[in-house]
>>> print(open('query11.pdb').read())   # PDB, C-alpha atoms
MODEL        1
ATOM      1  CA  ALA I 241     189.292 -91.323 103.949
ATOM      2  CA  CYS I 242     189.651 -88.472 101.466
ATOM      3  CA  GLU I 243     190.118 -88.234  97.713
ATOM      4  CA  VAL I 244     190.213 -85.097  95.560
ATOM      5  CA  ARG I 245     188.356 -85.185  92.209
ATOM      6  CA  THR I 246     187.536 -82.356  89.794
ATOM      7  CA  VAL I 247     183.974 -81.964  88.464
ATOM      8  CA  THR I 248     183.353 -79.630  85.530
ATOM      9  CA  ALA I 249     180.092 -77.803  84.849
ATOM     10  CA  GLY I 250     177.430 -79.907  83.164
ATOM     11  CA  THR I 251     179.069 -83.241  83.982
ATOM     12  CA  SER I 252     178.510 -85.946  86.568
ATOM     13  CA  LEU I 253     181.051 -87.873  88.564
ATOM     14  CA  THR I 254     180.446 -91.494  89.479
ATOM     15  CA  GLY I 255     182.450 -94.422  90.739
ATOM     16  CA  VAL I 256     184.119 -92.563  93.598
ATOM     17  CA  ASP I 257     184.229 -95.051  96.465
ATOM     18  CA  LEU I 258     185.792 -94.164  99.788
ATOM     19  CA  GLN I 259     186.814 -96.659 102.428
ATOM     20  CA  ALA I 260     188.383 -95.907 105.771
ATOM     21  CA  ASP I 261     191.330 -98.010 106.811
ATOM     22  CA  ALA I 262     190.468 -99.796 110.054
ATOM     23  CA  GLY I 263     194.113 -99.530 110.994
ATOM     24  CA  ASP I 264     193.719 -95.749 111.391
ATOM     25  CA  PHE I 265     191.260 -96.109 114.285
ATOM     26  CA  ALA I 266     191.548 -96.616 118.023
ATOM     27  CA  THR I 267     189.152 -97.524 120.849
ATOM     28  CA  ILE I 268     188.140 -95.354 123.814
ATOM     29  CA  SER I 269     186.116 -97.028 126.544
ATOM     30  CA  GLY I 270     185.303 -96.652 130.206
ATOM     31  CA  THR I 271     182.646 -96.400 132.918
ATOM     32  CA  PHE I 272     180.508 -93.531 134.236
ATOM     33  CA  THR I 273     179.596 -93.749 137.929
ATOM     34  CA  LYS I 274     177.395 -91.470 140.016
ATOM     35  CA  ASN I 275     177.684 -91.706 143.780
ATOM     36  CA  ASP I 276     179.694 -94.957 143.319
ATOM     37  CA  THR I 277     176.927 -96.502 141.182
ATOM     38  CA  ALA I 278     177.397 -97.370 137.502
ATOM     39  CA  THR I 279     175.047 -95.064 135.596
ATOM     40  CA  SER I 280     173.296 -95.673 132.292
ATOM     41  CA  GLY I 281     172.266 -92.892 129.916
ATOM     42  CA  ALA I 282     175.273 -90.658 130.579
ATOM     43  CA  PHE I 283     176.417 -88.749 127.501
ATOM     44  CA  ILE I 284     180.120 -89.087 126.647
ATOM     45  CA  TRP I 285     182.013 -87.137 124.041
ATOM     46  CA  CYS I 286     185.681 -86.890 123.197
ATOM     47  CA  ASP I 287     187.176 -83.966 121.291
ATOM     48  CA  GLY I 288     190.047 -85.028 119.072
ATOM     49  CA  GLY I 289     190.664 -81.755 117.238
ATOM     50  CA  SER I 290     191.749 -82.583 113.693
ATOM     51  CA  ALA I 291     191.034 -86.273 114.407
ATOM     52  CA  GLY I 292     187.354 -85.463 114.858
ATOM     53  CA  GLY I 293     185.060 -86.304 117.736
ATOM     54  CA  ILE I 294     183.476 -89.323 119.389
ATOM     55  CA  HIS I 295     179.943 -89.255 120.842
ATOM     56  CA  THR I 296     178.282 -92.095 122.699
ATOM     57  CA  VAL I 297     175.982 -92.952 125.623
ATOM     58  CA  THR I 298     176.644 -95.365 128.493
ATOM     59  CA  GLY I 299     174.741 -98.637 128.517
ATOM     60  CA  VAL I 300     172.700-100.229 131.299
ATOM     61  CA  ASP I 301     175.903-101.252 133.094
ATOM     62  CA  GLY I 302     177.332 -97.719 132.934
ATOM     63  CA  THR I 303     180.026 -98.604 130.403
ATOM     64  CA  PHE I 304     180.786 -97.185 126.975
ATOM     65  CA  SER I 305     183.091 -98.058 124.100
ATOM     66  CA  SER I 306     183.592 -96.227 120.826
ATOM     67  CA  ARG I 307     186.138 -96.012 118.027
ATOM     68  CA  GLY I 308     187.700 -92.912 116.509
ATOM     69  CA  LYS I 309     190.730 -91.874 114.507
ATOM     70  CA  ALA I 310     194.100 -92.037 116.210
ATOM     71  CA  GLY I 311     195.019 -88.699 117.773
ATOM     72  CA  THR I 312     194.981 -86.589 120.924
ATOM     73  CA  TYR I 313     191.646 -86.413 122.753
ATOM     74  CA  THR I 314     190.027 -84.802 125.758
ATOM     75  CA  CYS I 315     186.838 -86.519 126.914
ATOM     76  CA  TYR I 316     183.850 -85.197 128.840
ATOM     77  CA  GLY I 317     180.807 -86.756 130.450
ATOM     78  CA  GLU I 318     177.374 -85.374 131.303
ATOM     79  CA  TYR I 319     174.454 -86.813 133.214
ATOM     80  CA  SER I 320     170.964 -85.438 133.857
ATOM     81  CA  ARG I 321     171.819 -81.842 132.958
ATOM     82  CA  ALA I 322     174.575 -81.814 135.574
ATOM     83  CA  PRO I 323     177.740 -79.781 134.930
ATOM     84  CA  LEU I 324     180.359 -81.385 132.756
ATOM     85  CA  THR I 325     182.759 -83.868 134.309
ATOM     86  CA  ALA I 326     186.090 -83.758 132.482
ATOM     87  CA  SER I 327     188.497 -86.636 132.099
ATOM     88  CA  THR I 328     191.917 -86.491 133.738
ATOM     89  CA  GLY I 329     193.166 -84.478 130.761
ATOM     90  CA  ALA I 330     194.278 -84.810 127.177
ATOM     91  CA  PHE I 331     195.717 -88.130 126.050
ATOM     92  CA  THR I 332     197.182 -89.442 122.804
ATOM     93  CA  ILE I 333     196.070 -92.766 121.402
ATOM     94  CA  ALA I 334     197.786 -94.564 118.535
ATOM     95  CA  ALA I 335     196.155 -96.463 115.687
ATOM     96  CA  GLU I 336     194.655 -99.759 116.909
ATOM     97  CA  GLY I 337     195.370 -98.617 120.470
ATOM     98  CA  THR I 338     192.978 -98.595 123.417
ATOM     99  CA  GLN I 339     192.393 -95.990 126.122
ATOM    100  CA  THR I 340     190.293 -96.306 129.274
ATOM    101  CA  VAL I 341     188.563 -93.134 130.488
ATOM    102  CA  ASN I 342     186.445 -93.360 133.632
ATOM    103  CA  PHE I 343     184.137 -90.654 134.987
ATOM    104  CA  THR I 344     183.016 -90.312 138.598
ATOM    105  CA  ILE I 345     180.637 -87.733 140.035
ATOM    106  CA  GLY I 346     179.226 -87.550 143.538
ATOM    107  CA  ASN I 347     175.597 -87.462 144.515
ATOM    108  CA  LEU I 348     174.049 -84.408 142.895
ATOM    109  CA  ALA I 349     172.405 -81.491 144.647
ATOM    110  CA  THR I 350     169.316 -79.577 143.534
ATOM    111  CA  ILE I 351     168.940 -75.802 143.316
ATOM    112  CA  THR I 352     165.352 -74.552 143.100
ATOM    113  CA  VAL I 353     164.172 -71.152 141.902
ATOM    114  CA  ALA I 354     160.549 -69.990 142.247
ATOM    115  CA  LEU I 355     159.709 -66.929 140.153
ATOM    116  CA  GLY I 356     155.929 -67.300 140.298
ATOM    117  CA  SER I 357     153.291 -67.475 137.609
ATOM    118  CA  THR I 358     154.090 -64.021 136.167
ATOM    119  CA  ILE I 359     157.430 -65.236 134.732
ATOM    120  CA  THR I 360     157.125 -68.637 133.072
ATOM    121  CA  ASP I 361     159.428 -68.084 130.087
ATOM    122  CA  ALA I 362     162.718 -67.476 131.878
ATOM    123  CA  PHE I 363     165.923 -69.501 131.665
ATOM    124  CA  CYS I 364     167.947 -69.999 134.833
ATOM    125  CA  GLU I 365     171.552 -71.191 135.023
ATOM    126  CA  ALA I 366     174.004 -72.078 137.776
ATOM    127  CA  VAL I 367     177.747 -71.427 137.322
ATOM    128  CA  ASP I 368     180.578 -72.416 139.669
ATOM    129  CA  GLY I 369     184.066 -70.983 140.050
ATOM    130  CA  SER I 370     185.520 -73.481 137.545
ATOM    131  CA  GLY I 371     183.157 -72.437 134.773
ATOM    132  CA  ASN I 372     180.919 -75.510 135.034
ATOM    133  CA  ARG I 373     177.317 -74.613 134.330
ATOM    134  CA  THR I 374     173.867 -76.124 134.064
ATOM    135  CA  ARG I 375     170.619 -74.606 132.787
ATOM    136  CA  SER I 376     166.910 -75.086 133.324
ATOM    137  CA  SER I 377     163.666 -73.810 131.841
ATOM    138  CA  SER I 378     160.354 -73.397 133.657
ATOM    139  CA  ASP I 379     157.981 -76.212 134.534
ATOM    140  CA  GLY I 380     155.213 -73.934 133.214
ATOM    141  CA  ALA I 381     154.388 -72.478 136.613
ATOM    142  CA  GLY I 382     157.522 -70.363 137.085
ATOM    143  CA  ASN I 383     159.500 -73.025 138.990
ATOM    144  CA  TYR I 384     163.033 -74.052 138.013
ATOM    145  CA  GLU I 385     165.303 -76.917 139.131
ATOM    146  CA  LEU I 386     169.041 -77.138 138.510
ATOM    147  CA  SER I 387     171.038 -80.336 139.110
ATOM    148  CA  VAL I 388     174.573 -79.517 140.278
ATOM    149  CA  GLY I 389     177.512 -80.958 142.130
ATOM    150  CA  ALA I 390     178.252 -79.990 145.720
ATOM    151  CA  GLY I 391     179.858 -76.566 146.104
ATOM    152  CA  ASP I 392     179.298 -72.846 145.668
ATOM    153  CA  TRP I 393     177.167 -71.697 142.733
ATOM    154  CA  THR I 394     175.988 -68.415 141.253
ATOM    155  CA  VAL I 395     172.407 -68.605 139.988
ATOM    156  CA  ARG I 396     171.220 -66.227 137.259
ATOM    157  CA  CYS I 397     167.815 -65.970 135.579
ATOM    158  CA  ASN I 398     166.837 -64.100 132.419
ATOM    159  CA  SER I 399     163.583 -63.655 130.549
ATOM    160  CA  ARG I 400     163.129 -62.817 126.876
ATOM    161  CA  ARG I 401     160.411 -60.352 127.859
ATOM    162  CA  THR I 402     161.996 -58.627 130.844
ATOM    163  CA  GLY I 403     165.739 -59.210 130.421
ATOM    164  CA  GLU I 404     167.861 -60.077 133.436
ATOM    165  CA  ILE I 405     165.813 -60.952 136.505
ATOM    166  CA  GLY I 406     168.737 -61.165 138.901
ATOM    167  CA  SER I 407     171.479 -63.326 140.360
ATOM    168  CA  THR I 408     172.342 -64.795 143.752
ATOM    169  CA  SER I 409     174.859 -67.199 145.306
ATOM    170  CA  VAL I 410     174.082 -70.476 147.068
ATOM    171  CA  THR I 411     176.013 -73.395 148.532
ATOM    172  CA  ALA I 412     174.809 -76.820 147.424
ATOM    173  CA  THR I 413     175.250 -79.978 149.486
ATOM    174  CA  ALA I 414     175.433 -83.413 147.845
ATOM    175  CA  GLY I 415     172.016 -85.074 148.002
ATOM    176  CA  GLY I 416     170.380 -81.907 149.325
ATOM    177  CA  THR I 417     168.137 -79.147 147.993
ATOM    178  CA  VAL I 418     168.769 -75.414 148.352
ATOM    179  CA  ALA I 419     166.527 -72.550 147.266
ATOM    180  CA  ALA I 420     167.927 -69.607 145.315
ATOM    181  CA  THR I 421     165.839 -66.541 146.167
ATOM    182  CA  LEU I 422     165.163 -64.218 143.247
ATOM    183  CA  THR I 423     162.260 -61.797 142.948
ATOM    184  CA  ALA I 424     160.393 -61.616 139.663
ATOM    185  CA  PRO I 425     159.707 -58.077 138.424
ATOM    186  CA  THR I 426     156.199 -56.649 138.454
ATOM    187  CA  LEU I 427     154.739 -56.657 134.944
ATOM    188  CA  TYR I 428     152.595 -53.838 133.592
ATOM    189  CA  THR I 429     150.420 -53.469 130.493
ATOM    190  CA  VAL I 430     150.833 -50.519 128.130
ATOM    191  CA  SER I 431     148.030 -49.855 125.674
ATOM    192  CA  GLY I 432     146.975 -47.042 123.357
ATOM    193  CA  ARG I 433     147.009 -45.899 119.742
ATOM    194  CA  ILE I 434     149.666 -44.709 117.313
ATOM    195  CA  THR I 435     148.376 -42.078 114.894
ATOM    196  CA  ASP I 436     149.603 -39.489 112.428
ATOM    197  CA  GLY I 437     147.632 -36.938 114.356
ATOM    198  CA  THR I 438     144.328 -37.993 112.886
ATOM    199  CA  ASN I 439     144.372 -41.525 111.536
ATOM    200  CA  ASN I 440     145.574 -44.744 113.115
ATOM    201  CA  ILE I 441     148.857 -46.106 111.741
ATOM    202  CA  SER I 442     148.845 -49.845 111.107
ATOM    203  CA  ASN I 443     151.860 -52.150 111.508
ATOM    204  CA  ALA I 444     153.680 -49.624 113.671
ATOM    205  CA  ILE I 445     156.268 -50.872 116.171
ATOM    206  CA  LEU I 446     156.336 -49.578 119.734
ATOM    207  CA  VAL I 447     159.605 -49.782 121.651
ATOM    208  CA  LEU I 448     159.633 -49.304 125.449
ATOM    209  CA  ILE I 449     162.933 -48.281 127.052
ATOM    210  CA  ASP I 450     163.639 -48.613 130.763
ATOM    211  CA  GLN I 451     165.190 -45.240 131.592
ATOM    212  CA  THR I 452     166.557 -46.588 134.888
ATOM    213  CA  ASN I 453     167.985 -49.997 133.942
ATOM    214  CA  ASN I 454     168.628 -49.800 130.189
TER     215      ASN I 454
ENDMDL
END
>>> encode(input="query11.pdb", output="structure tokens")
Amino acid sequence: ACEVRTVTAGTSLTGVDLQADAGDFATISGTFTKNDTATSGAFIWCDGGSAGGIHTVTGVDGTFSSRGKAGTYTCYGEYSRAPLTASTGAFTIAAEGTQTVNFTIGNLATITVALGSTITDAFCEAVDGSGNRTRSSSDGAGNYELSVGAGDWTVRCNSRRTGEIGSTSVTATAGGTVAATLTAPTLYTVSGRITDGTNNISNAILVLIDQTNN
């Protein structure tokens, strides 16, 4: 619902009540299954462009149902940081209409990355040929786990301190675990003083540039 009112400086505007017309809305519902099992806690969202968006989570029986404005939508589902699972495509739903959108993903695979205790602040991601991606942060000990679907994945890790650590390709099998081998860089400590020739300079900023990899 929308209504345009003009408010002039120094005045207040009251008594503006907005009410959406239930007849403008439609229902989108469906089921999210993982490895043929109805799955609770899956995140569902539908992008309706100018009609807005719908966001909901599947219940204990793996089902969801939500209402949004009539329009053309594309829906997506996500579970346990796995790559997005798209619906069969865009669909148009009329006011007071209903649309069923079901999501099915196979048993997930796990990609592990072990960078060691020297790099515990990195972020690792896995990307497949379709642009699906999933990300993971460290468990605090430099270990990373990425939940993905079966297939070929490129794994990349970056650190705020050291920049890009590296990338590698792996093939993941449903229900299995595969290790992505990346080597963490050796870290060094630089210490010293910044002076004007005689006196120390406080609050100075030191910038280190890698002449080989910058």
>>> residues_near_point(input="query11.pdb", point="(155.1, -57.7, 134.0)", cutoff="8 Å", atoms="all atoms listed in the file", output="mmCIF file with C-alpha atoms, in the coordinates of the input")
data_model
loop_
_atom_site.group_PDB
_atom_site.id
_atom_site.type_symbol
_atom_site.label_atom_id
_atom_site.label_comp_id
_atom_site.auth_asym_id
_atom_site.auth_seq_id
_atom_site.Cartn_x
_atom_site.Cartn_y
_atom_site.Cartn_z
ATOM 1 C CA THR I 358 154.090 -64.021 136.167
ATOM 2 C CA ILE I 359 157.430 -65.236 134.732
ATOM 3 C CA THR I 402 161.996 -58.627 130.844
ATOM 4 C CA PRO I 425 159.707 -58.077 138.424
ATOM 5 C CA THR I 426 156.199 -56.649 138.454
ATOM 6 C CA LEU I 427 154.739 -56.657 134.944
ATOM 7 C CA TYR I 428 152.595 -53.838 133.592
ATOM 8 C CA THR I 429 150.420 -53.469 130.493
#
>>> atom_distance(input="query11.pdb", atom1="atom CA of Ala414 of chain I", atom2="atom CA of Thr303 of chain I")
23.6 Å
>>> residues_around(input="query11.pdb", residues="Ala354 of chain I", least_positions_apart="6", cutoff="10 Å", atoms="only C-alpha atoms", output="ChimeraX atom specification")
/I:360,378,381-385,419-424
>>> residues_around(input="query11.pdb", residues="Cys397 of chain I", least_positions_apart="4", cutoff="7 Å", atoms="all atoms listed in the file", output="list in words")
Ala362, Phe363, Cys364, Glu365, Glu404, Ile405, Gly406 and Ser407 of chain I
>>> atom_distance(input="query11.pdb", atom1="atom CA of Asn398 of chain I", atom2="atom CA of Gly356 of chain I")
13.8 Å
>>> atom_distance(input="query11.pdb", atom1="atom CA of Val367 of chain I", atom2="atom CA of Ser409 of chain I")
9.5 Å
>>> closest_atom_pairs(input="query11.pdb", of="segment 340-402 of chain I", to="segment 278-289 of chain I", cutoff="12 Å", atoms="all atoms listed in the file", output="Markdown table")
| residue | atom | partner | partner_atom | distance |
| --- | --- | --- | --- | --- |
| I:Val341 | CA | I:Cys286 | CA | 10.0 |
| I:Asn342 | CA | I:Ile284 | CA | 10.3 |
| I:Phe343 | CA | I:Ile284 | CA | 9.4 |
| I:Thr344 | CA | I:Ala278 | CA | 9.1 |
| I:Ile345 | CA | I:Thr279 | CA | 10.2 |
| I:Gly346 | CA | I:Ala278 | CA | 11.7 |
| I:Asn347 | CA | I:Thr279 | CA | 11.7 |
>>> resolve_selection(input="query11.pdb", expression="the PyMOL selection byres ((chain I and resi 306) around 12)", output="ChimeraX atom specification")
/I:265-270,284-286,293-299,303-305,307-309,315,338-341
>>> write_last_selection(input="query11.pdb", atoms="C-alpha atoms", output="mmCIF file, keeping the file's coordinate frame")
data_model
loop_
_atom_site.group_PDB
_atom_site.id
_atom_site.type_symbol
_atom_site.label_atom_id
_atom_site.label_comp_id
_atom_site.auth_asym_id
_atom_site.auth_seq_id
_atom_site.Cartn_x
_atom_site.Cartn_y
_atom_site.Cartn_z
ATOM 1 C CA PHE I 265 191.260 -96.109 114.285
ATOM 2 C CA ALA I 266 191.548 -96.616 118.023
ATOM 3 C CA THR I 267 189.152 -97.524 120.849
ATOM 4 C CA ILE I 268 188.140 -95.354 123.814
ATOM 5 C CA SER I 269 186.116 -97.028 126.544
ATOM 6 C CA GLY I 270 185.303 -96.652 130.206
ATOM 7 C CA ILE I 284 180.120 -89.087 126.647
ATOM 8 C CA TRP I 285 182.013 -87.137 124.041
ATOM 9 C CA CYS I 286 185.681 -86.890 123.197
ATOM 10 C CA GLY I 293 185.060 -86.304 117.736
ATOM 11 C CA ILE I 294 183.476 -89.323 119.389
ATOM 12 C CA HIS I 295 179.943 -89.255 120.842
ATOM 13 C CA THR I 296 178.282 -92.095 122.699
ATOM 14 C CA VAL I 297 175.982 -92.952 125.623
ATOM 15 C CA THR I 298 176.644 -95.365 128.493
ATOM 16 C CA GLY I 299 174.741 -98.637 128.517
ATOM 17 C CA THR I 303 180.026 -98.604 130.403
ATOM 18 C CA PHE I 304 180.786 -97.185 126.975
ATOM 19 C CA SER I 305 183.091 -98.058 124.100
ATOM 20 C CA ARG I 307 186.138 -96.012 118.027
ATOM 21 C CA GLY I 308 187.700 -92.912 116.509
ATOM 22 C CA LYS I 309 190.730 -91.874 114.507
ATOM 23 C CA CYS I 315 186.838 -86.519 126.914
ATOM 24 C CA THR I 338 192.978 -98.595 123.417
ATOM 25 C CA GLN I 339 192.393 -95.990 126.122
ATOM 26 C CA THR I 340 190.293 -96.306 129.274
ATOM 27 C CA VAL I 341 188.563 -93.134 130.488
#
>>> residues_near_point(input="query11.pdb", point="(196.0, -87.1, 122.5)", cutoff="6 Å", atoms="only C-alpha atoms", output="number ranges by chain")
I: 311-313, 330-333
>>> closest_residue(input="query11.pdb", among="I:Ala310, I:Val418, I:Leu355, I:Asp392", to="Ser290 of chain I", atoms="all atoms listed in the file")
I:Ala310
>>> closest_residue(input="query11.pdb", among="I:Gly403, I:Arg396, I:Thr435, I:Ser387", to="Asp450 of chain I", atoms="only C-alpha atoms")
I:Gly403
>>> closest_residue(input="query11.pdb", among="I:Asn439, I:Thr374, I:Thr246, I:Ser399", to="Ala349 of chain I", atoms="all atoms listed in the file")
I:Thr374
>>> closest_residue(input="query11.pdb", among="I:Val430, I:Thr413, I:Ser370, I:Val353", to="Leu386 of chain I", atoms="all atoms listed in the file")
I:Val353
>>> axis_aligned_box(input="query11.pdb", around="segment 397-403 of chain I", padding_each_side="8 Å", output="JSON")
{"center_x": 164.1, "center_y": -62.3, "center_z": 131.2, "size_x": 23.4, "size_y": 23.3, "size_z": 24.7}
>>> residues_around(input="query11.pdb", residues="Val388 of chain I", least_positions_apart="5", cutoff="12 Å", atoms="only C-alpha atoms", output="PDB file with C-alpha atoms, keeping the file's coordinate frame")
ATOM      1  CA  GLU I 318     177.374 -85.374 131.303  1.00  0.00           C
ATOM      2  CA  TYR I 319     174.454 -86.813 133.214  1.00  0.00           C
ATOM      3  CA  SER I 320     170.964 -85.438 133.857  1.00  0.00           C
ATOM      4  CA  ARG I 321     171.819 -81.842 132.958  1.00  0.00           C
ATOM      5  CA  ALA I 322     174.575 -81.814 135.574  1.00  0.00           C
ATOM      6  CA  PRO I 323     177.740 -79.781 134.930  1.00  0.00           C
ATOM      7  CA  LEU I 324     180.359 -81.385 132.756  1.00  0.00           C
ATOM      8  CA  THR I 325     182.759 -83.868 134.309  1.00  0.00           C
ATOM      9  CA  ILE I 345     180.637 -87.733 140.035  1.00  0.00           C
ATOM     10  CA  GLY I 346     179.226 -87.550 143.538  1.00  0.00           C
ATOM     11  CA  ASN I 347     175.597 -87.462 144.515  1.00  0.00           C
ATOM     12  CA  LEU I 348     174.049 -84.408 142.895  1.00  0.00           C
ATOM     13  CA  ALA I 349     172.405 -81.491 144.647  1.00  0.00           C
ATOM     14  CA  THR I 350     169.316 -79.577 143.534  1.00  0.00           C
ATOM     15  CA  ILE I 351     168.940 -75.802 143.316  1.00  0.00           C
ATOM     16  CA  THR I 352     165.352 -74.552 143.100  1.00  0.00           C
ATOM     17  CA  GLU I 365     171.552 -71.191 135.023  1.00  0.00           C
ATOM     18  CA  ALA I 366     174.004 -72.078 137.776  1.00  0.00           C
ATOM     19  CA  VAL I 367     177.747 -71.427 137.322  1.00  0.00           C
ATOM     20  CA  ASP I 368     180.578 -72.416 139.669  1.00  0.00           C
ATOM     21  CA  ASN I 372     180.919 -75.510 135.034  1.00  0.00           C
ATOM     22  CA  ARG I 373     177.317 -74.613 134.330  1.00  0.00           C
ATOM     23  CA  THR I 374     173.867 -76.124 134.064  1.00  0.00           C
ATOM     24  CA  ARG I 375     170.619 -74.606 132.787  1.00  0.00           C
ATOM     25  CA  SER I 376     166.910 -75.086 133.324  1.00  0.00           C
ATOM     26  CA  TRP I 393     177.167 -71.697 142.733  1.00  0.00           C
ATOM     27  CA  THR I 394     175.988 -68.415 141.253  1.00  0.00           C
ATOM     28  CA  VAL I 395     172.407 -68.605 139.988  1.00  0.00           C
ATOM     29  CA  VAL I 410     174.082 -70.476 147.068  1.00  0.00           C
ATOM     30  CA  THR I 411     176.013 -73.395 148.532  1.00  0.00           C
ATOM     31  CA  ALA I 412     174.809 -76.820 147.424  1.00  0.00           C
ATOM     32  CA  THR I 413     175.250 -79.978 149.486  1.00  0.00           C
ATOM     33  CA  ALA I 414     175.433 -83.413 147.845  1.00  0.00           C
ATOM     34  CA  GLY I 415     172.016 -85.074 148.002  1.00  0.00           C
ATOM     35  CA  GLY I 416     170.380 -81.907 149.325  1.00  0.00           C
ATOM     36  CA  THR I 417     168.137 -79.147 147.993  1.00  0.00           C
ATOM     37  CA  VAL I 418     168.769 -75.414 148.352  1.00  0.00           C
TER      38      VAL I 418
END
